[in-house]
>>> print(open('protein-v5.cif').read())   # mmCIF, N, CA and C atoms and all ligand atoms
data_input
#
loop_
_atom_site.label_atom_id
_atom_site.label_comp_id
_atom_site.auth_asym_id
_atom_site.auth_seq_id
_atom_site.Cartn_x
_atom_site.Cartn_y
_atom_site.Cartn_z
N MET A 1 -133.27 31.88 78.35
CA MET A 1 -133.92 33.19 78.46
C MET A 1 -133.07 34.15 79.27
N ALA A 2 -132.92 35.37 78.83
CA ALA A 2 -132.08 36.33 79.52
C ALA A 2 -132.80 36.95 80.71
N SER A 3 -132.05 37.37 81.66
CA SER A 3 -132.47 38.27 82.74
C SER A 3 -133.55 37.79 83.69
N SER A 4 -133.68 38.57 84.75
CA SER A 4 -134.84 38.58 85.64
C SER A 4 -135.12 37.28 86.39
N SER A 5 -134.68 37.26 87.67
CA SER A 5 -135.01 36.11 88.50
C SER A 5 -136.34 36.31 89.21
N SER A 6 -136.70 37.55 89.51
CA SER A 6 -137.96 37.79 90.21
C SER A 6 -139.13 37.67 89.24
N SER A 7 -140.31 37.49 89.78
CA SER A 7 -141.45 37.16 88.94
C SER A 7 -142.10 38.38 88.29
N THR A 8 -141.94 39.57 88.88
CA THR A 8 -142.57 40.74 88.26
C THR A 8 -141.90 41.08 86.94
N GLY A 9 -140.57 41.00 86.91
CA GLY A 9 -139.85 41.25 85.67
C GLY A 9 -140.11 42.61 85.08
N ALA A 10 -140.50 43.56 85.88
CA ALA A 10 -140.91 44.84 85.34
C ALA A 10 -140.10 45.99 85.91
N ARG A 11 -138.83 45.75 86.13
CA ARG A 11 -137.98 46.85 86.56
C ARG A 11 -136.89 47.09 85.53
N SER A 12 -136.33 48.28 85.58
CA SER A 12 -135.27 48.60 84.64
C SER A 12 -134.13 47.60 84.76
N SER A 13 -133.53 47.33 83.65
CA SER A 13 -132.35 46.48 83.66
C SER A 13 -131.14 47.37 83.43
N SER A 14 -130.07 47.13 84.18
CA SER A 14 -128.91 47.98 84.01
C SER A 14 -128.04 47.52 82.85
N HIS A 15 -128.16 46.24 82.47
CA HIS A 15 -127.30 45.76 81.40
C HIS A 15 -128.06 45.71 80.08
N GLY A 16 -127.38 46.15 79.01
CA GLY A 16 -127.98 46.11 77.69
C GLY A 16 -128.93 47.27 77.48
N GLY A 17 -129.22 47.55 76.22
CA GLY A 17 -130.15 48.61 75.90
C GLY A 17 -131.55 48.06 75.85
N PRO A 18 -132.45 48.89 75.35
CA PRO A 18 -133.83 48.43 75.17
C PRO A 18 -133.86 47.21 74.24
N PRO A 19 -134.83 46.35 74.41
CA PRO A 19 -134.85 45.08 73.70
C PRO A 19 -135.33 45.16 72.25
N GLY A 20 -135.79 46.29 71.80
CA GLY A 20 -136.41 46.31 70.48
C GLY A 20 -135.48 46.69 69.36
N TYR A 21 -136.07 47.20 68.29
CA TYR A 21 -135.35 47.68 67.11
C TYR A 21 -134.64 46.56 66.38
N SER A 22 -133.84 46.96 65.35
CA SER A 22 -133.12 45.97 64.56
C SER A 22 -132.16 45.22 65.48
N PRO A 23 -131.81 43.98 65.20
CA PRO A 23 -132.16 43.24 63.99
C PRO A 23 -133.54 42.59 64.06
N ASN A 24 -134.37 43.03 64.97
CA ASN A 24 -135.69 42.42 65.10
C ASN A 24 -136.81 43.46 65.02
N PRO A 25 -137.00 44.05 63.86
CA PRO A 25 -138.11 44.99 63.73
C PRO A 25 -139.44 44.26 63.84
N SER A 26 -140.48 44.99 64.15
CA SER A 26 -141.79 44.36 64.31
C SER A 26 -142.26 43.73 63.00
N PRO A 27 -142.72 42.49 63.04
CA PRO A 27 -143.22 41.85 61.83
C PRO A 27 -144.61 42.34 61.44
N ILE A 28 -145.28 43.02 62.33
CA ILE A 28 -146.64 43.49 62.06
C ILE A 28 -146.78 44.94 62.49
N PRO A 29 -147.72 45.67 61.87
CA PRO A 29 -147.94 47.05 62.31
C PRO A 29 -148.55 47.07 63.71
N TYR A 30 -148.19 48.06 64.48
CA TYR A 30 -148.78 48.21 65.81
C TYR A 30 -150.25 48.59 65.70
N ARG A 31 -151.06 48.04 66.58
CA ARG A 31 -152.47 48.44 66.65
C ARG A 31 -152.62 49.81 67.27
N GLU A 32 -151.69 50.13 68.17
CA GLU A 32 -151.73 51.44 68.83
C GLU A 32 -150.38 52.11 68.69
N GLN A 33 -150.40 53.42 68.49
CA GLN A 33 -149.16 54.18 68.38
C GLN A 33 -148.43 54.16 69.73
N PRO A 34 -147.07 54.28 69.68
CA PRO A 34 -146.26 54.14 70.89
C PRO A 34 -146.64 55.10 72.03
N LEU A 35 -147.21 56.25 71.69
CA LEU A 35 -147.55 57.20 72.75
C LEU A 35 -149.04 57.17 73.10
N ALA A 36 -149.79 56.30 72.43
CA ALA A 36 -151.24 56.26 72.64
C ALA A 36 -151.61 55.27 73.73
N TYR A 37 -151.12 55.48 74.92
CA TYR A 37 -151.47 54.61 76.04
C TYR A 37 -151.75 55.47 77.28
N GLU A 38 -152.48 54.93 78.20
CA GLU A 38 -152.80 55.58 79.46
C GLU A 38 -152.74 54.54 80.57
N PRO A 39 -152.39 54.89 81.80
CA PRO A 39 -151.94 56.21 82.21
C PRO A 39 -150.53 56.49 81.71
N SER A 40 -150.28 57.74 81.48
CA SER A 40 -148.99 58.18 80.96
C SER A 40 -147.88 57.91 81.98
N GLU A 41 -146.71 57.58 81.47
CA GLU A 41 -145.55 57.41 82.35
C GLU A 41 -144.37 58.16 81.75
N ASP A 42 -143.67 58.91 82.60
CA ASP A 42 -142.56 59.72 82.10
C ASP A 42 -141.23 59.03 82.31
N CYS A 43 -140.31 59.30 81.41
CA CYS A 43 -138.92 58.87 81.59
C CYS A 43 -138.22 59.95 82.42
N PRO A 44 -136.96 59.73 82.79
CA PRO A 44 -136.25 60.73 83.61
C PRO A 44 -136.13 62.11 82.96
N CYS A 45 -136.26 62.20 81.61
CA CYS A 45 -136.23 63.56 81.04
C CYS A 45 -137.63 64.17 80.94
N HIS A 46 -138.58 63.65 81.72
CA HIS A 46 -139.91 64.24 81.84
C HIS A 46 -140.67 64.30 80.52
N LYS A 47 -140.45 63.31 79.68
CA LYS A 47 -141.25 63.16 78.47
C LYS A 47 -142.04 61.86 78.62
N LYS A 48 -143.23 61.83 78.01
CA LYS A 48 -144.00 60.60 78.07
C LYS A 48 -143.19 59.47 77.43
N ALA A 49 -143.04 58.39 78.15
CA ALA A 49 -142.27 57.26 77.62
C ALA A 49 -143.03 56.61 76.46
N ALA A 50 -142.30 56.08 75.50
CA ALA A 50 -142.91 55.40 74.36
C ALA A 50 -143.05 53.92 74.68
N ARG A 51 -144.17 53.34 74.28
CA ARG A 51 -144.41 51.92 74.53
C ARG A 51 -144.15 51.12 73.26
N TRP A 52 -143.24 50.18 73.36
CA TRP A 52 -142.87 49.36 72.21
C TRP A 52 -143.09 47.89 72.51
N ILE A 53 -142.95 47.07 71.47
CA ILE A 53 -143.03 45.62 71.66
C ILE A 53 -141.69 45.02 71.26
N SER A 54 -141.13 44.23 72.14
CA SER A 54 -139.86 43.55 71.83
C SER A 54 -140.12 42.40 70.85
N TRP A 55 -139.22 42.24 69.89
CA TRP A 55 -139.27 41.07 69.00
C TRP A 55 -137.97 40.30 69.04
N SER A 56 -137.27 40.43 70.17
CA SER A 56 -136.03 39.68 70.35
C SER A 56 -136.35 38.19 70.53
N ASN A 57 -135.34 37.36 70.34
CA ASN A 57 -135.53 35.92 70.56
C ASN A 57 -135.92 35.62 72.00
N ALA A 58 -135.37 36.38 72.93
CA ALA A 58 -135.60 36.09 74.34
C ALA A 58 -136.95 36.61 74.83
N ASN A 59 -137.44 37.70 74.25
CA ASN A 59 -138.66 38.33 74.77
C ASN A 59 -139.64 38.76 73.68
N PRO A 60 -140.02 37.88 72.78
CA PRO A 60 -140.92 38.30 71.70
C PRO A 60 -142.30 38.64 72.25
N GLY A 61 -142.88 39.70 71.72
CA GLY A 61 -144.24 40.08 72.10
C GLY A 61 -144.34 40.74 73.46
N ARG A 62 -143.21 41.04 74.08
CA ARG A 62 -143.23 41.62 75.43
C ARG A 62 -143.10 43.13 75.32
N ARG A 63 -144.07 43.84 75.92
CA ARG A 63 -144.08 45.30 75.80
C ARG A 63 -143.13 45.94 76.81
N TYR A 64 -142.57 47.08 76.41
CA TYR A 64 -141.70 47.82 77.31
C TYR A 64 -141.83 49.31 77.03
N LEU A 65 -141.43 50.09 78.01
CA LEU A 65 -141.41 51.54 77.87
C LEU A 65 -139.98 51.99 77.73
N THR A 66 -139.78 53.01 76.93
CA THR A 66 -138.45 53.58 76.79
C THR A 66 -138.59 55.06 76.50
N CYS A 67 -137.51 55.80 76.71
CA CYS A 67 -137.51 57.23 76.39
C CYS A 67 -137.91 57.40 74.93
N GLN A 68 -138.86 58.29 74.66
CA GLN A 68 -139.30 58.46 73.27
C GLN A 68 -138.20 59.04 72.38
N ARG A 69 -137.17 59.63 73.02
CA ARG A 69 -136.06 60.15 72.24
C ARG A 69 -134.80 59.31 72.44
N SER A 70 -135.00 58.04 72.79
CA SER A 70 -133.84 57.20 73.14
C SER A 70 -132.84 57.04 72.00
N ARG A 71 -133.34 57.12 70.77
CA ARG A 71 -132.43 56.91 69.64
C ARG A 71 -131.85 58.21 69.11
N VAL A 72 -132.35 59.32 69.61
CA VAL A 72 -131.85 60.62 69.12
C VAL A 72 -131.48 61.54 70.27
N GLY A 73 -130.75 60.99 71.21
CA GLY A 73 -130.19 61.84 72.25
C GLY A 73 -130.98 61.90 73.55
N GLY A 74 -132.05 61.12 73.66
CA GLY A 74 -132.78 61.08 74.93
C GLY A 74 -132.02 60.27 75.96
N CYS A 75 -132.71 59.87 77.02
CA CYS A 75 -132.03 59.10 78.06
C CYS A 75 -132.08 57.60 77.73
N ARG A 76 -131.40 56.80 78.53
CA ARG A 76 -131.31 55.36 78.26
C ARG A 76 -132.27 54.55 79.12
N TRP A 77 -133.15 55.23 79.83
CA TRP A 77 -134.10 54.55 80.72
C TRP A 77 -135.06 53.67 79.92
N TRP A 78 -135.38 52.52 80.47
CA TRP A 78 -136.45 51.68 79.91
C TRP A 78 -136.87 50.67 80.95
N ARG A 79 -138.07 50.15 80.81
CA ARG A 79 -138.52 49.08 81.70
C ARG A 79 -139.56 48.21 81.00
N TRP A 80 -139.62 46.96 81.42
CA TRP A 80 -140.64 46.06 80.90
C TRP A 80 -142.01 46.46 81.41
N ILE A 81 -143.05 46.24 80.60
CA ILE A 81 -144.42 46.36 81.08
C ILE A 81 -144.95 44.97 81.42
N ASP A 82 -144.74 44.04 80.52
CA ASP A 82 -145.27 42.68 80.69
C ASP A 82 -144.27 41.76 81.37
N ASP A 83 -144.80 40.77 82.07
CA ASP A 83 -143.96 39.71 82.59
C ASP A 83 -143.48 38.84 81.43
N PRO A 84 -142.41 38.06 81.66
CA PRO A 84 -141.98 37.13 80.60
C PRO A 84 -143.09 36.14 80.30
N THR A 85 -143.17 35.69 79.05
CA THR A 85 -144.19 34.70 78.72
C THR A 85 -143.61 33.29 78.85
N THR A 86 -144.40 32.28 78.52
CA THR A 86 -143.92 30.90 78.68
C THR A 86 -142.93 30.56 77.57
N PRO A 87 -142.02 29.61 77.81
CA PRO A 87 -141.08 29.21 76.76
C PRO A 87 -141.80 28.76 75.49
N PHE A 88 -142.94 28.10 75.63
CA PHE A 88 -143.68 27.65 74.45
C PHE A 88 -144.15 28.84 73.61
N LEU A 89 -144.80 29.84 74.26
CA LEU A 89 -145.28 31.00 73.51
C LEU A 89 -144.12 31.82 72.95
N CYS A 90 -143.02 31.88 73.71
CA CYS A 90 -141.81 32.56 73.23
C CYS A 90 -141.39 31.98 71.88
N GLN A 91 -141.24 30.66 71.86
CA GLN A 91 -140.79 30.00 70.63
C GLN A 91 -141.80 30.18 69.51
N LEU A 92 -143.09 30.06 69.85
CA LEU A 92 -144.14 30.23 68.85
C LEU A 92 -144.07 31.62 68.21
N LEU A 93 -143.91 32.65 69.04
CA LEU A 93 -143.85 34.02 68.52
C LEU A 93 -142.60 34.24 67.68
N VAL A 94 -141.47 33.65 68.11
CA VAL A 94 -140.23 33.77 67.32
C VAL A 94 -140.41 33.08 65.97
N ASP A 95 -141.05 31.90 65.99
CA ASP A 95 -141.29 31.19 64.73
C ASP A 95 -142.20 31.99 63.81
N LEU A 96 -143.25 32.58 64.37
CA LEU A 96 -144.16 33.39 63.57
C LEU A 96 -143.45 34.63 63.03
N ARG A 97 -142.64 35.26 63.88
CA ARG A 97 -141.87 36.43 63.45
C ARG A 97 -140.98 36.07 62.26
N ASN A 98 -140.29 34.93 62.39
CA ASN A 98 -139.39 34.51 61.31
C ASN A 98 -140.17 34.17 60.04
N ALA A 99 -141.33 33.53 60.21
CA ALA A 99 -142.15 33.17 59.05
C ALA A 99 -142.59 34.44 58.31
N VAL A 100 -143.04 35.44 59.05
CA VAL A 100 -143.48 36.70 58.42
C VAL A 100 -142.30 37.36 57.72
N ASN A 101 -141.15 37.40 58.38
CA ASN A 101 -139.98 38.05 57.77
C ASN A 101 -139.53 37.30 56.52
N ASN A 102 -139.56 35.97 56.56
CA ASN A 102 -139.17 35.20 55.38
C ASN A 102 -140.13 35.43 54.23
N LEU A 103 -141.43 35.46 54.51
CA LEU A 103 -142.41 35.70 53.47
C LEU A 103 -142.25 37.10 52.89
N ARG A 104 -141.95 38.05 53.76
CA ARG A 104 -141.75 39.43 53.31
C ARG A 104 -140.54 39.51 52.36
N ARG A 105 -139.46 38.83 52.76
CA ARG A 105 -138.25 38.81 51.93
C ARG A 105 -138.56 38.16 50.57
N GLU A 106 -139.25 37.02 50.64
CA GLU A 106 -139.60 36.29 49.42
C GLU A 106 -140.47 37.15 48.51
N SER A 107 -141.43 37.83 49.11
CA SER A 107 -142.33 38.69 48.36
C SER A 107 -141.56 39.81 47.64
N THR A 108 -140.59 40.40 48.35
CA THR A 108 -139.78 41.45 47.76
C THR A 108 -138.98 40.91 46.57
N GLN A 109 -138.40 39.71 46.77
CA GLN A 109 -137.64 39.08 45.68
C GLN A 109 -138.54 38.83 44.47
N LEU A 110 -139.72 38.27 44.73
CA LEU A 110 -140.63 37.93 43.63
C LEU A 110 -141.10 39.18 42.91
N ARG A 111 -141.28 40.28 43.66
CA ARG A 111 -141.66 41.53 43.02
C ARG A 111 -140.57 41.99 42.06
N GLY A 112 -139.31 41.78 42.48
CA GLY A 112 -138.18 42.12 41.60
C GLY A 112 -138.18 41.25 40.36
N VAL A 113 -138.36 39.95 40.54
CA VAL A 113 -138.40 39.01 39.41
C VAL A 113 -139.54 39.41 38.46
N ASN A 114 -140.68 39.72 39.03
CA ASN A 114 -141.84 40.11 38.24
C ASN A 114 -141.56 41.38 37.43
N ALA A 115 -140.90 42.34 38.05
CA ALA A 115 -140.58 43.58 37.34
C ALA A 115 -139.66 43.29 36.16
N ASP A 116 -138.67 42.39 36.39
CA ASP A 116 -137.76 42.00 35.30
C ASP A 116 -138.54 41.34 34.16
N LEU A 117 -139.44 40.45 34.51
CA LEU A 117 -140.22 39.75 33.49
C LEU A 117 -141.10 40.72 32.70
N GLU A 118 -141.70 41.67 33.41
CA GLU A 118 -142.53 42.65 32.72
C GLU A 118 -141.72 43.49 31.74
N MET A 119 -140.47 43.83 32.16
CA MET A 119 -139.61 44.56 31.24
C MET A 119 -139.28 43.71 30.03
N GLY A 120 -139.03 42.42 30.25
CA GLY A 120 -138.75 41.49 29.17
C GLY A 120 -139.92 41.43 28.19
N ILE A 121 -141.12 41.37 28.71
CA ILE A 121 -142.32 41.33 27.87
C ILE A 121 -142.42 42.60 27.03
N GLU A 122 -142.13 43.73 27.68
CA GLU A 122 -142.19 45.01 26.96
C GLU A 122 -141.20 45.03 25.80
N ASP A 123 -139.95 44.57 26.08
CA ASP A 123 -138.93 44.51 25.03
C ASP A 123 -139.39 43.62 23.88
N ARG A 124 -139.89 42.44 24.24
CA ARG A 124 -140.34 41.50 23.20
C ARG A 124 -141.48 42.09 22.38
N SER A 125 -142.36 42.79 23.06
CA SER A 125 -143.50 43.39 22.39
C SER A 125 -143.04 44.46 21.39
N THR A 126 -142.05 45.23 21.79
CA THR A 126 -141.49 46.24 20.88
C THR A 126 -140.86 45.56 19.66
N GLN A 127 -140.04 44.50 19.92
CA GLN A 127 -139.44 43.75 18.82
C GLN A 127 -140.50 43.16 17.90
N ASN A 128 -141.53 42.62 18.52
CA ASN A 128 -142.63 42.00 17.78
C ASN A 128 -143.30 43.00 16.84
N ASN A 129 -143.56 44.20 17.35
CA ASN A 129 -144.18 45.24 16.51
C ASN A 129 -143.29 45.62 15.34
N ALA A 130 -141.98 45.72 15.62
CA ALA A 130 -141.04 46.08 14.56
C ALA A 130 -141.03 45.01 13.48
N LEU A 131 -141.00 43.72 13.90
CA LEU A 131 -141.00 42.63 12.94
C LEU A 131 -142.30 42.62 12.13
N ARG A 132 -143.42 42.91 12.79
CA ARG A 132 -144.71 42.94 12.10
C ARG A 132 -144.72 44.03 11.01
N ASP A 133 -144.18 45.20 11.36
CA ASP A 133 -144.07 46.29 10.39
C ASP A 133 -143.23 45.87 9.19
N ALA A 134 -142.07 45.26 9.49
CA ALA A 134 -141.16 44.83 8.43
C ALA A 134 -141.84 43.82 7.51
N LEU A 135 -142.55 42.90 8.11
CA LEU A 135 -143.26 41.87 7.35
C LEU A 135 -144.32 42.50 6.45
N ARG A 136 -145.07 43.47 7.00
CA ARG A 136 -146.12 44.15 6.22
C ARG A 136 -145.51 44.84 4.99
N LYS A 137 -144.36 45.54 5.22
CA LYS A 137 -143.72 46.23 4.12
C LYS A 137 -143.25 45.25 3.05
N MET A 138 -142.73 44.09 3.50
CA MET A 138 -142.27 43.06 2.54
C MET A 138 -143.45 42.57 1.70
N LYS A 139 -144.57 42.35 2.37
CA LYS A 139 -145.77 41.87 1.67
C LYS A 139 -146.26 42.91 0.66
N GLU A 140 -146.21 44.20 1.07
CA GLU A 140 -146.67 45.28 0.17
C GLU A 140 -145.83 45.35 -1.10
N ARG A 141 -144.50 45.07 -0.93
CA ARG A 141 -143.59 45.12 -2.09
C ARG A 141 -143.89 43.99 -3.07
N ASN A 142 -144.32 42.84 -2.54
CA ASN A 142 -144.54 41.69 -3.44
C ASN A 142 -145.88 41.74 -4.16
ZN ZN B 1 -135.83 60.23 78.50
#
>>> encode(input="protein-v5.cif", output="structure tokens")
Amino acid sequence: MASSSSSTGARSSSHGGPPGYSPNPSPIPYREQPLAYEPSEDCPCHKKAARWISWSNANPGRRYLTCQRSRVGGCRWWRWIDDPTTPFLCQLLVDLRNAVNNLRRESTQLRGVNADLEMGIEDRSTQNNALRDALRKMKERN
């Protein structure tokens, strides 16, 4: 587990950026929007800090505050809200995160396969109608 020897674990870290974002986007939608928390806390540029959830391997499910404009020219300030969780829950959350992401990937693939199959059915159906017409005309001639 990275960082933090003290037990509060809720101070800014000077090394590394905020713990969130890719390659670990949230596997689930947030129940609350990043700015929908109280009491409000400002970053050094006097804007309400945004509250996010880390999905990193080291700190899954751990909330932190960061400049709401951190990705578009804001400041680099951030701090943890929650203390680190237990190694067991850490691993459990990482496993769940990976399971959700794998299912999501699989679902996307299957949707693609399904779309291909539906197109195939449409093509076959068109061919089938053409053959049926041809057959009818042959029968009419005889
Ligand atoms: Zn800021």
>>> atom_distance(input="protein-v5.cif", atom1="atom C of A:Thr85", atom2="atom CA of A:Arg104")
26.3 Å
>>> residues_near_ligand(input="protein-v5.cif", ligand="ligand ZN 1 (chain B)", cutoff="6 Å", atoms="only N, CA and C atoms and all ligand atoms", output="NGL selection string")
:A and (43-47 or 67-69 or 74-77)
>>> closest_residue(input="protein-v5.cif", among="A:Asp82, A:Glu106, A:Asp133, A:Glu122", to="A:Gly61", atoms="all atoms listed in the file")
A:Asp82
>>> select_by_dssp(input="protein-v5.cif", residues="stretch 26-87 of chain A", states="strand (DSSP E)", output="PyMOL selection string")
chain A and resi 50-54+62-66+78-80
>>> select_by_dssp(input="protein-v5.cif", residues="chain A", states="alpha helix (DSSP H)", output="NGL selection string")
:A and (87-141)
>>> atom_distance(input="protein-v5.cif", atom1="atom C of A:Leu35", atom2="atom CA of A:Trp78")
15.3 Å
